[in-house]
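To keep things clear, I will list the structure first and then write my remarks on it.
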Amino acid sequence: MKRNSILLSLALPILALNAPDAYACTNLIAGPKASADGSVMVTYAADSHNLYGMLTHTPAADHAPGSIRKVVEWDTGKPLGSIPQIPHTFNVVGNINEHQVAIGESTWGGHEELVDTTGNSIIDYGSLIQIALERSKTAREAIQVMTDLVEKYGYASSGESFSIADKNEVWVMEMIGKGAEKGAVWIAVRIPDNAISGHANEPRIRKTNLKDKQNVLYSKDLISFARKRGYFNGKDEDFSFADAYSTHDMSTRRGCDARVWSFFRRFKPETDKYYFWCSGESDEPMPLYVIPDKKVSLKDMQESMRDHFEGTPFEMTSDIGAGPNHVPYRWRPMDFEVDGKEYCNERAIATQQTGWSFVSQSRANLPDPVGGVLWFGTDDTNTSVYMPFYCSMTEIPEQLAEGDINNFSFDSNFWMNNWVANQAYNRYDLMIPDIRKVQGALEEKFQTSRVAQEKELVALLEAGDDTAFRKKVNNEGKAIAKEATDAYRNLGIYLFVKFMDGNMKKTDAEGKFLYNEYGLPKSPSFPGYDKKYYENIVKETGDHFLIKK
């Protein structure tokens with residue numbers, strides 16, 4: 001269905017969109033034959049109003065017999081327990097390990113009664129990710145590690161979707177607990193190599209071929225448990241994990257699935273028709289994956305993470321809520337009431353409360369230490385810079401080290417990105433062109449320099465010079481983080497100066513401030529507000545501001 005034929009009436013009620021961290025994260029996926037360079041790509045935005053943007057690192061290590069690994073809840077820092085450590089664990093940089101295994105997630109909750117009620121489960125979703133990265137060489141191994149852990153030690157989170165990739169394939173796994181029973185029910189589906197997929201806080205695996213053991217894995221009680229709890233009573237071949245273990249009302253479709261739909265339609269225009277699923281006007285669900293009409297590039301994936309529903313009925317820049325500067329953001333809560341009716345604010349992929357995000361690349365044509373790259377950014381995906389860090393990196397740049405969301409620092413990449421973004425939230429259409437210049441120049445430089453950089457890295461590996469290789473990887477990571485952070489510190493200063501006091505100072509084509517022939521700054525321009533803003537003032541106040549003749 002073409003864009004101009006989509007219904008534009010969106011005044012439909014949205015419920016339950018304002019839970020503290022509900023509907024928080026987005027994952028987008030591209031298989032190796034769907035990507036322009038043959039890489040397997042996964043994106044992830046860690047969205048939370050209280051999350052500091054930092055890059056974590058766990059070094060590879062050997063462990064003595066009898067060693068214990070502590071388990072700490074990712075969301076709260078609460079100690080949950082401990083499990084036996086294995087003899088050797090792998091190097092992990094953020095959400096990718098030295099074997100190019102990358103994992104992302106999105107939470108969807110599901111039936112409340114299936115959250116552990118015993119207090120004995122100790123493996124939360126964040127620990128599942130981290131432990132799997134420490135212990136897995138492939139995506140299939142990661143699935144095995146994760147499902148073995150929850151079966152043995154119990155699952156301490158609610159419903160969750162995981163993107164699990166390696167250099168050859170990518171899977172979506174969905175999991176939910178069993179209430180008072182130990183363990184979890186789960187299903188994992190391999191995304192076809194020529195397909196793209198995604199999930200955004202909504203379970204997405206429905207009817208699938210459970211007999212396809214190569215591409216579909218699941219817990220032995222997947223269906224029987226659903227029958228026992230009254231969630232499903234049909235034929236096994238008609239079983240849908242998403243429909244059995246969660247509900248899909250108007251609010252979850254529009255607040256969650258719409259983000260995946262907006263990704264799909266970029267590369268498969270015929271998926272426009274699933275707008276009606278997202279808006280609650282149709283019960284034909286959107287598929288788990290689609291075959292794109294064109295190959296998806298790294299830049300495409302990065303740009304998709306900056307999506308605000310542009311070009312769709314969900315776009316946010318033309319209504320009065322966007323203000324005079326057409327801001328594609330709405331502050332929380334996500335719903336509001338007028339005259340006894342509930343309305344919603346849209347939830348796009350790019351959102352102000354992102355702590356950090358990434359686009360991972362796992363590439364079979366390169367050695368593991370070079371093939372795995374985490375393109376990492378902090379704060380809002382729309383305004384941040386994606387910086388490349390290899391899965392073999394062993395030192396975290398100081399600009400991306402652990403910090404505190406309550407303590408500002410000019411040396412922090414997270415805080416500099418926030419400084420830039422929060423200025424733009426007030427005068428978006430005026431500031432975003434300046435931000436795009438800096439952001440685009442940095443990302444183009446980082447991307448175009450990969451070929452030469454990776455040629456040198458591969459040469460060092462082939463020469464067996466591990467020391468020089470590690471030094472080069474770490475030093476480049478530090479240089480990139482410093483360059484991006486310094487650039488945004490300067491950009492924050494520039495924006496403050498240029499747009500001080502509601503004015504806009506005059507600049508040349510290169511963005512340099514202009515001076516008159518006597519060396520004094522040229523008088524600024526006064527952008528004021530757009531026509532709709534003034535019209536709404538008159539509608540609200542009548543002749544109160546009228547200049548009477």
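Note on naming: chains are A, B, ... as they come in the structure tokens, residues start from 1 per chain, ligands start from 1 in the order shown.
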
Problem - Shell of 9 Å around Ser35 (chain A), only C-alpha atoms, local chain residues under 5 positions omitted, as a ChimeraX atom specification - result: /A:30,40-41,194-196,294-298

Can you spit out the residues from that selection as an mmCIF file, in the first residue's frame, using N, CA and C atoms?
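Saved as result03.cif:
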data_model
loop_
_atom_site.group_PDB
_atom_site.id
_atom_site.type_symbol
_atom_site.label_atom_id
_atom_site.label_comp_id
_atom_site.auth_asym_id
_atom_site.auth_seq_id
_atom_site.Cartn_x
_atom_site.Cartn_y
_atom_site.Cartn_z
ATOM 1 N N ALA A 30 19.734 -7.627 10.221
ATOM 2 C CA ALA A 30 19.952 -7.902 8.804
ATOM 3 C C ALA A 30 20.829 -9.140 8.667
ATOM 4 N N VAL A 40 26.632 -9.788 9.108
ATOM 5 C CA VAL A 40 25.425 -9.955 9.910
ATOM 6 C C VAL A 40 25.348 -8.745 10.838
ATOM 7 N N MET A 41 24.214 -8.056 10.821
ATOM 8 C CA MET A 41 24.099 -6.832 11.617
ATOM 9 C C MET A 41 22.916 -6.900 12.578
ATOM 10 N N ASN A 194 18.783 -13.904 3.781
ATOM 11 C CA ASN A 194 18.445 -12.796 2.884
ATOM 12 C C ASN A 194 17.328 -11.912 3.426
ATOM 13 N N ALA A 195 17.088 -11.994 4.730
ATOM 14 C CA ALA A 195 15.959 -11.280 5.328
ATOM 15 C C ALA A 195 16.415 -10.235 6.337
ATOM 16 N N ILE A 196 15.511 -9.310 6.632
ATOM 17 C CA ILE A 196 15.670 -8.371 7.737
ATOM 18 C C ILE A 196 14.562 -8.630 8.741
ATOM 19 N N LYS A 294 16.180 -4.180 -1.528
ATOM 20 C CA LYS A 294 17.556 -3.771 -1.798
ATOM 21 C C LYS A 294 18.429 -4.159 -0.617
ATOM 22 N N LYS A 295 19.719 -4.260 -0.864
ATOM 23 C CA LYS A 295 20.657 -4.616 0.192
ATOM 24 C C LYS A 295 20.748 -3.485 1.218
ATOM 25 N N VAL A 296 20.941 -3.869 2.460
ATOM 26 C CA VAL A 296 20.980 -2.918 3.565
ATOM 27 C C VAL A 296 22.432 -2.659 3.954
ATOM 28 N N SER A 297 22.824 -1.396 3.984
ATOM 29 C CA SER A 297 24.202 -1.037 4.324
ATOM 30 C C SER A 297 24.335 -0.724 5.813
ATOM 31 N N LEU A 298 25.573 -0.622 6.250
ATOM 32 C CA LEU A 298 25.836 -0.190 7.629
ATOM 33 C C LEU A 298 25.202 1.170 7.886
#

What lies within 7 Å of Tyr52 (chain A) using only C-alpha atoms, ignoring chain neighbours under 6 positions off, as a PDB file with C-alpha atoms, in the first residue's frame?
ATOM      1  CA  GLY A 355      21.526   5.508  27.406  1.00  0.00           C
ATOM      2  CA  GLY A 403      29.935   7.361  35.094  1.00  0.00           C
ATOM      3  CA  ASP A 404      26.956   8.763  36.913  1.00  0.00           C
ATOM      4  CA  ILE A 405      23.790  10.142  35.378  1.00  0.00           C
TER       5      ILE A 405
END

Handout entry: strand (DSSP E) per DSSP on the backbone: members of region 285-467 of chain A, as a PyMOL selection string
Key = chain A and resi 289-290+335-338+341-344+354-362+373-378+387-390

Exercise for the section: Can you work out the spacing between CA of Asn474 (chain A) and CA of Trp356 (chain A) in Å, to one decimal? Expected result: 20.3 Å

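Close contacts of Lys213 (chain A), defined as residues with an atom at most 12 Å away when counting only C-alpha atoms, with chain neighbours fewer than 3 positions off set aside, comprise Ile187, Ala188, Val189, Arg190, Thr208, Asn209, Leu210, Val216, Leu217 and Tyr218 of chain A.
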
Distance table requested - region 436-475 of chain A against region 482-502 of chain A, cut-off 10 Å, only C-alpha atoms: one row per qualifying residue with the closest atom pair and its distance in Å to one decimal, ordered by chain and rising residue number, as JSON lines.
{"residue": "A:Val438", "atom": "CA", "partner": "A:Ala487", "partner_atom": "CA", "distance": 7.4}
{"residue": "A:Gln439", "atom": "CA", "partner": "A:Tyr488", "partner_atom": "CA", "distance": 8.6}
{"residue": "A:Leu442", "atom": "CA", "partner": "A:Ala484", "partner_atom": "CA", "distance": 7.0}
{"residue": "A:Glu443", "atom": "CA", "partner": "A:Ala484", "partner_atom": "CA", "distance": 9.2}

Output file for the selection above: all heavy atoms, as a short mmCIF file (atom, residue, chain, number, x, y, z; two decimals), in the first residue's frame:
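Resulting contents of part.cif:
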data_model
loop_
_atom_site.label_atom_id
_atom_site.label_comp_id
_atom_site.auth_asym_id
_atom_site.auth_seq_id
_atom_site.Cartn_x
_atom_site.Cartn_y
_atom_site.Cartn_z
N VAL A 438 28.51 17.87 11.70
CA VAL A 438 29.55 17.30 12.56
C VAL A 438 29.40 15.79 12.65
O VAL A 438 30.37 15.02 12.50
CB VAL A 438 29.51 17.95 13.95
CG1 VAL A 438 30.55 17.31 14.87
CG2 VAL A 438 29.75 19.45 13.85
N GLN A 439 28.20 15.35 12.92
CA GLN A 439 27.92 13.91 13.03
C GLN A 439 28.29 13.18 11.74
O GLN A 439 28.97 12.16 11.76
CB GLN A 439 26.43 13.73 13.32
CG GLN A 439 25.95 12.30 13.43
CD GLN A 439 24.43 12.24 13.44
OE1 GLN A 439 23.76 12.73 12.53
NE2 GLN A 439 23.86 11.66 14.50
N LEU A 442 32.14 12.96 11.04
CA LEU A 442 32.80 11.98 11.90
C LEU A 442 32.50 10.56 11.45
O LEU A 442 33.41 9.73 11.31
CB LEU A 442 32.36 12.18 13.35
CG LEU A 442 32.93 13.40 14.08
CD1 LEU A 442 32.17 13.65 15.37
CD2 LEU A 442 34.41 13.24 14.36
N GLU A 443 31.24 10.25 11.20
CA GLU A 443 30.87 8.89 10.83
C GLU A 443 31.44 8.50 9.47
O GLU A 443 31.88 7.37 9.26
CB GLU A 443 29.36 8.72 10.86
CG GLU A 443 28.81 8.75 12.27
CD GLU A 443 27.33 8.44 12.38
OE1 GLU A 443 26.63 8.54 11.35
OE2 GLU A 443 26.88 8.11 13.49
#

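The neighbours of Glu346 (chain A) here are the residues that come within 7 Å of it, using only C-alpha atoms and leaving out any residue fewer than 2 positions away in the same chain; they are Gly255, Phe314, Cys344 and Ala348 of chain A.
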
Exercise for the section: With a distance cut-off of 7 Å and only C-alpha atoms, select the neighbouring residues of Met250 (chain A), excluding the residue or stretch itself and same-chain residues fewer than 3 positions from it, and output the selection as a PyMOL selection string. Expected result: chain A and resi 14+253-254+279-280

Kindly export the residues of the current selection with N, CA, C and O atoms, as a PDB file, in the first residue's frame.
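File again-v7.pdb, as written:
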ATOM      1  N   ILE A  14      -4.569   5.189  23.667  1.00  0.00           N
ATOM      2  CA  ILE A  14      -3.388   4.401  24.005  1.00  0.00           C
ATOM      3  C   ILE A  14      -3.392   4.210  25.521  1.00  0.00           C
ATOM      4  O   ILE A  14      -3.546   5.158  26.277  1.00  0.00           O
ATOM      5  N   ARG A 253       0.805  -2.495  19.951  1.00  0.00           N
ATOM      6  CA  ARG A 253       1.101  -2.489  18.510  1.00  0.00           C
ATOM      7  C   ARG A 253       1.669  -1.132  18.082  1.00  0.00           C
ATOM      8  O   ARG A 253       2.668  -1.053  17.381  1.00  0.00           O
ATOM      9  N   ARG A 254       0.993  -0.066  18.502  1.00  0.00           N
ATOM     10  CA  ARG A 254       1.414   1.267  18.076  1.00  0.00           C
ATOM     11  C   ARG A 254       2.681   1.716  18.795  1.00  0.00           C
ATOM     12  O   ARG A 254       3.539   2.387  18.212  1.00  0.00           O
ATOM     13  N   SER A 279      -1.775   0.379  13.841  1.00  0.00           N
ATOM     14  CA  SER A 279      -2.750   1.370  14.295  1.00  0.00           C
ATOM     15  C   SER A 279      -3.965   0.728  14.942  1.00  0.00           C
ATOM     16  O   SER A 279      -4.858   1.435  15.424  1.00  0.00           O
ATOM     17  N   GLY A 280      -4.026  -0.604  14.950  1.00  0.00           N
ATOM     18  CA  GLY A 280      -5.146  -1.279  15.581  1.00  0.00           C
ATOM     19  C   GLY A 280      -6.366  -1.417  14.695  1.00  0.00           C
ATOM     20  O   GLY A 280      -7.445  -1.764  15.173  1.00  0.00           O
TER      21      GLY A 280
END

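Those residues that approach region 143-151 of chain A to within 6 Å, counting only C-alpha atoms, are Leu128, Ala132 and Gly183 of chain A; same-chain residues fewer than 6 positions away are not listed.
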
Would you mind exporting N, CA, C and O atoms of the selected residues as a CSV table (one decimal), in the first residue's frame?
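The file below, part-v4.csv, is the result:
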chain,number,residue,atom,x,y,z
A,128,LEU,N,21.8,-13.2,31.4
A,128,LEU,CA,21.8,-14.2,30.3
A,128,LEU,C,22.7,-13.7,29.1
A,128,LEU,O,23.5,-14.5,28.6
A,132,ALA,N,26.3,-15.5,28.3
A,132,ALA,CA,26.3,-16.2,27.0
A,132,ALA,C,27.5,-15.6,26.2
A,132,ALA,O,28.2,-16.4,25.5
A,183,GLY,N,12.4,-22.3,35.8
A,183,GLY,CA,12.8,-22.3,34.4
A,183,GLY,C,12.0,-21.3,33.5
A,183,GLY,O,11.5,-20.4,34.1

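CA of Lys505 (chain A) to CA of Asn413 (chain A) spans 26.7 Å [interatomic distance, one decimal].
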
Practice task
Determine the nearest neighbour of Ser39 (chain A) from the options A:Gln361, A:Thr58, A:Gln130, A:Gln352, counting only C-alpha atoms.
Solution key: A:Gln361

Enumerate, in order of chain and increasing residue number, the residues of region 128-169 of chain A with an atom no farther than 10 Å from region 24-27 of chain A, each with its shortest atom pair and distance in Å to one decimal, counting only C-alpha atoms, as CSV.
residue,atom,partner,partner_atom,distance
A:Ser161,CA,A:Asn27,CA,9.2
A:Phe162,CA,A:Asn27,CA,8.5
A:Ser163,CA,A:Asn27,CA,7.1

Problem - Contacts of Gly372 (chain A) within 7 Å, only C-alpha atoms, excl. fewer than 2 positions in-chain, as a list of chain:residue names - result: A:Gln100, A:Gln361, A:Ser362, A:Arg363, A:Asp368, A:Pro369, A:Val370, A:Leu374, A:Tyr390, A:Cys391

Exercise for the section: Check the smallest atom-to-atom distance from each of A:Ala64, A:Gly53, A:Gly177, A:Arg427 to Thr118 (chain A) using only C-alpha atoms, then report the winner. Expected result: A:Gly177

Fill in the blank from the handout: Using only C-alpha atoms, the residue out of A:Ala481, A:Leu288, A:Ala322, A:Ile122 with shortest distance to Gln399 (chain A) is A:Ala481

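For the pair CA of Pro524 (chain A) and CA of Phe545 (chain A), the interatomic distance is 25.5 Å.
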